[in-house]
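Novice: After the structure tokens below, expect a handful of questions from me.
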Amino acid sequence: MPLPVQPADVPWPTKAWPQGDLPSTLDRAGFDALLAQAFEGEDVGATHALALFQGGRLIFERYGEGFGPQATYPSWSKAKSITQALVGLLVGDGKLDIHAPAGAPEWSAPDDPRAAITLDQLLRMSSGLKFIEDYVPGHTSDVIEMLGASRGDVAGYAAGQPLEHAPGSFWSYASGTTNIIARLAGQAAGGDLKSFMWERLFTPLGMQSPIPKFDAAGTFIGSSYCFATAQDFARFGLLYLRGGVWEGRQLLPAGWVDYARTPTFQQPGVVEGRYGAHWWLDGAGPGSFSANGYDGQYTVLIPDLDLILVRHGATPLDKKDALKAWVGQMVQCFR
């Protein structure tokens, strides 16, 4: 599906979001019912922020009690898509090659089969490394261990896991994978990924609120931790909805967004949903793609409607499917 371009009469939101109106074709009754469900009911958990953007304009925002436009919200796994953007910038600089072996020091032995893992396989969650992504207290969980007791070196924890499958043969969503990537990105950026992300990504977009978190080893915890306002998460989303272009300049390498939304091989039986390269696919209908985070954090891009939906809140695991359905229904109101 082609990506929409910025309308010629709409300024880029580098300084402030241009304001717009909800479309006259909106299913207003359905829209209002979904707002009530999100902010007044319990079906999808607590909604802290909802912001909608169409045609490059902010057309609606609402915040829960105690929250507002200036509040910074947790990314959780939305940070994975930010990590993918940083890799793209470094690929464009010629400092990373997604098809080359990733080269983690934990895999340096001549006979280590993990040495064959490529950056592309890491971005597609297809490294084959063992990693248990479980958020239920009391369950065996590599992600909780990595972000908790082993947070001093998140990449080292993840890269130290054994192979369970041949690289590229098995899809398995794993937060540890992203932290291996983030360490590689930091090395490629000369050891100062924080300065790199501000100079090359956040500042050009006009994002002033991001708070990325780093572990004791200096690695960006790209799996989980980059706080920002809802409007700044939407700026990042607009960069991808515009194919990596910002203010007429190709910020991300040409084709990098298409790479992000190219489907990854997934073995039969996967229930999590279609996946690209550190972006989820089709969650709000065919052609949509999104950055999704634990507890119901979403930046959803719908190219054929030129629409961005940003939602933040606290949604328990047992209401996760209800929230996914709610997002789809909200987008349907615009059709």
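Lettering and numbering for the structure tokens are positional, with chains as A, B, ... in the shown order, residues counted from 1 in each chain, and ligands counted from 1 in the shown order.
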For A:Phe289, list every protein, DNA or RNA residue within 8 Å, evaluated using only C-alpha atoms, and leave out those in the same chain fewer than 3 positions away; present the list as a list in words.
Specialist: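 These residues fall inside the cut-off: Arg261, Trp279, Trp280, Leu281, Asp282, Gly283, Ala284, Val300, Leu301 and Ile302 of chain A.
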Novice: My list of candidates is A:Leu52, A:Val257, A:Leu241, A:Ala325. Which is closest to A:Pro303 when distances are computed with only C-alpha atoms?
Specialist: A:Leu241
Novice: Pick out the closest residue to A:Glu247 from this set: A:Ala38, A:Val10, A:Ile221, A:Leu3. Count only C-alpha atoms.
Specialist: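 The shortest atom-to-atom distance to A:Glu247 comes from A:Val10.
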Novice: Identify, on the basis of only C-alpha atoms, every residue whose closest approach to A:Lys78 does not exceed 8 Å; exclude the query and any residue fewer than 4 positions from it along the same chain; express the result as a PDB file with C-alpha atoms, in the first residue's frame.
Specialist:
```
ATOM      1  CA  ILE A  82      12.419   3.747  17.680  1.00  0.00           C
ATOM      2  CA  SER A 223      13.163  -3.046  24.112  1.00  0.00           C
ATOM      3  CA  SER A 224      11.150  -1.041  26.588  1.00  0.00           C
ATOM      4  CA  ALA A 291       4.344   0.336  17.300  1.00  0.00           C
ATOM      5  CA  ASN A 292       2.748  -1.565  20.182  1.00  0.00           C
ATOM      6  CA  GLY A 293       3.728  -1.622  23.842  1.00  0.00           C
ATOM      7  CA  GLN A 297       0.532   1.630  24.389  1.00  0.00           C
ATOM      8  CA  TYR A 298      -0.099   2.177  20.667  1.00  0.00           C
ATOM      9  CA  THR A 299       1.055   4.286  17.751  1.00  0.00           C
TER      10      THR A 299
END
```
Novice: Please determine, counting only C-alpha atoms, which residue among A:Gly328, A:Leu90, A:Ser126, A:Ser175 has the shortest atom-to-atom distance to A:Gly190.
Specialist: A:Leu90
Novice: Smallest atom-to-atom distance to A:Leu201: which of A:Ala188, A:Ala100, A:Ala158, A:Leu252, using only C-alpha atoms?
Specialist: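 For A:Leu201, the nearest of the given residues is A:Leu252.
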Novice: With distances taken over only C-alpha atoms, which of A:Lys95, A:Ser141, A:Leu58, A:Ser172 is nearest to A:Leu129?
Specialist: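 Smallest separation from A:Leu129 among the options: A:Ser172.
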Novice: Given only C-alpha atoms as the basis, pick out the residue of A:Phe53, A:Tyr275, A:Trp256, A:Phe227 nearest to A:Ala79.
Specialist: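 The closest residue to A:Ala79 is A:Phe227.
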Novice: Give me the residues near stretch 15-17 of chain A as a ChimeraX atom specification, where near means some atom within 9 Å (using only C-alpha atoms) and where sequence neighbours in that chain fewer than 2 positions away do not count.
Specialist: /A:11-13,19,56-58,205-207,231,235
Novice: Fewer than 5 positions away in the same chain doesn't count, so skip those; otherwise give me all residues within 12 Å of A:Tyr294, counting only C-alpha atoms, as a PyMOL selection string.
Specialist: chain A and resi 74-80+133-135+143+175+223-225+311-317+319-320+323
Novice: Got a sec: who's within 7 Å of A:Glu106, counting only C-alpha atoms, leaving out chain neighbours fewer than 2 positions off, as a ChimeraX atom specification?
Specialist: /A:104,108,159-160
Novice: Could you go through stretch 44-152 of chain A and tell me which residues DSSP, when run on the backbone, assigns to alpha helix (DSSP H), listing them as an MDAnalysis selection string?
Specialist: chainID A and resid 78:92 119:123 142:147
Novice: Those residues you just picked out, can you put them in a file as a compact mmCIF listing (two decimals), in the first residue's frame with C-alpha atoms?
Specialist:
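Output file result33.txt follows:
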```txt
# COMPACT_ATOMS: atom_id res chain seq x y z
CA LYS A 78 7.02 1.04 21.21
CA ALA A 79 10.69 1.76 21.87
CA LYS A 80 11.50 -1.20 19.61
CA SER A 81 10.30 0.77 16.60
CA ILE A 82 12.42 3.75 17.68
CA THR A 83 15.38 1.37 17.80
CA GLN A 84 14.56 0.29 14.25
CA ALA A 85 14.72 3.93 13.15
CA LEU A 86 18.15 4.37 14.76
CA VAL A 87 19.39 1.30 12.91
CA GLY A 88 18.04 2.76 9.67
CA LEU A 89 19.98 5.98 10.17
CA LEU A 90 23.16 4.00 10.80
CA VAL A 91 22.51 1.83 7.75
CA GLY A 92 22.16 5.02 5.73
CA LEU A 119 20.99 -8.00 12.01
CA ASP A 120 18.05 -8.58 9.68
CA GLN A 121 17.13 -11.74 11.59
CA LEU A 122 17.32 -9.82 14.85
CA LEU A 123 15.08 -7.05 13.49
CA ASP A 142 13.51 -13.91 30.57
CA VAL A 143 12.08 -10.44 29.94
CA ILE A 144 11.38 -9.83 33.63
CA GLU A 145 14.80 -11.18 34.57
CA MET A 146 16.50 -9.05 31.92
CA LEU A 147 14.76 -5.83 32.92
```
Novice: Can you tell me which residues surround A:Leu193 at a distance of at most 9 Å, considering only C-alpha atoms, apart from same-chain residues fewer than 3 positions away, and format the answer as a list of chain:residue names?
Specialist: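 My list of contacting residues is A:Leu86, A:Ala182, A:Arg183, A:Ala185, A:Gly186, A:Gln187, A:Ala188, A:Ala189, A:Gly190, A:Phe196, A:Met197, A:Trp198, A:Gly218, A:Thr219, A:Phe220.
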Novice: Can you list, as JSON, numbers by chain, every residue of stretch 11-114 of chain A that DSSP puts in strand (DSSP E or B)?
Specialist: {"A": [19, 46, 47, 48, 49, 50, 51, 52, 53, 54, 57, 58, 59, 60, 61, 62, 63, 73, 101]}
Novice: Could you tell me how far atom CA of A:Pro268 lies from atom CA of A:Tyr173, in Å and to one decimal?
Specialist: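 Value for the atom CA of A:Pro268-atom CA of A:Tyr173 distance: 14.5 Å.
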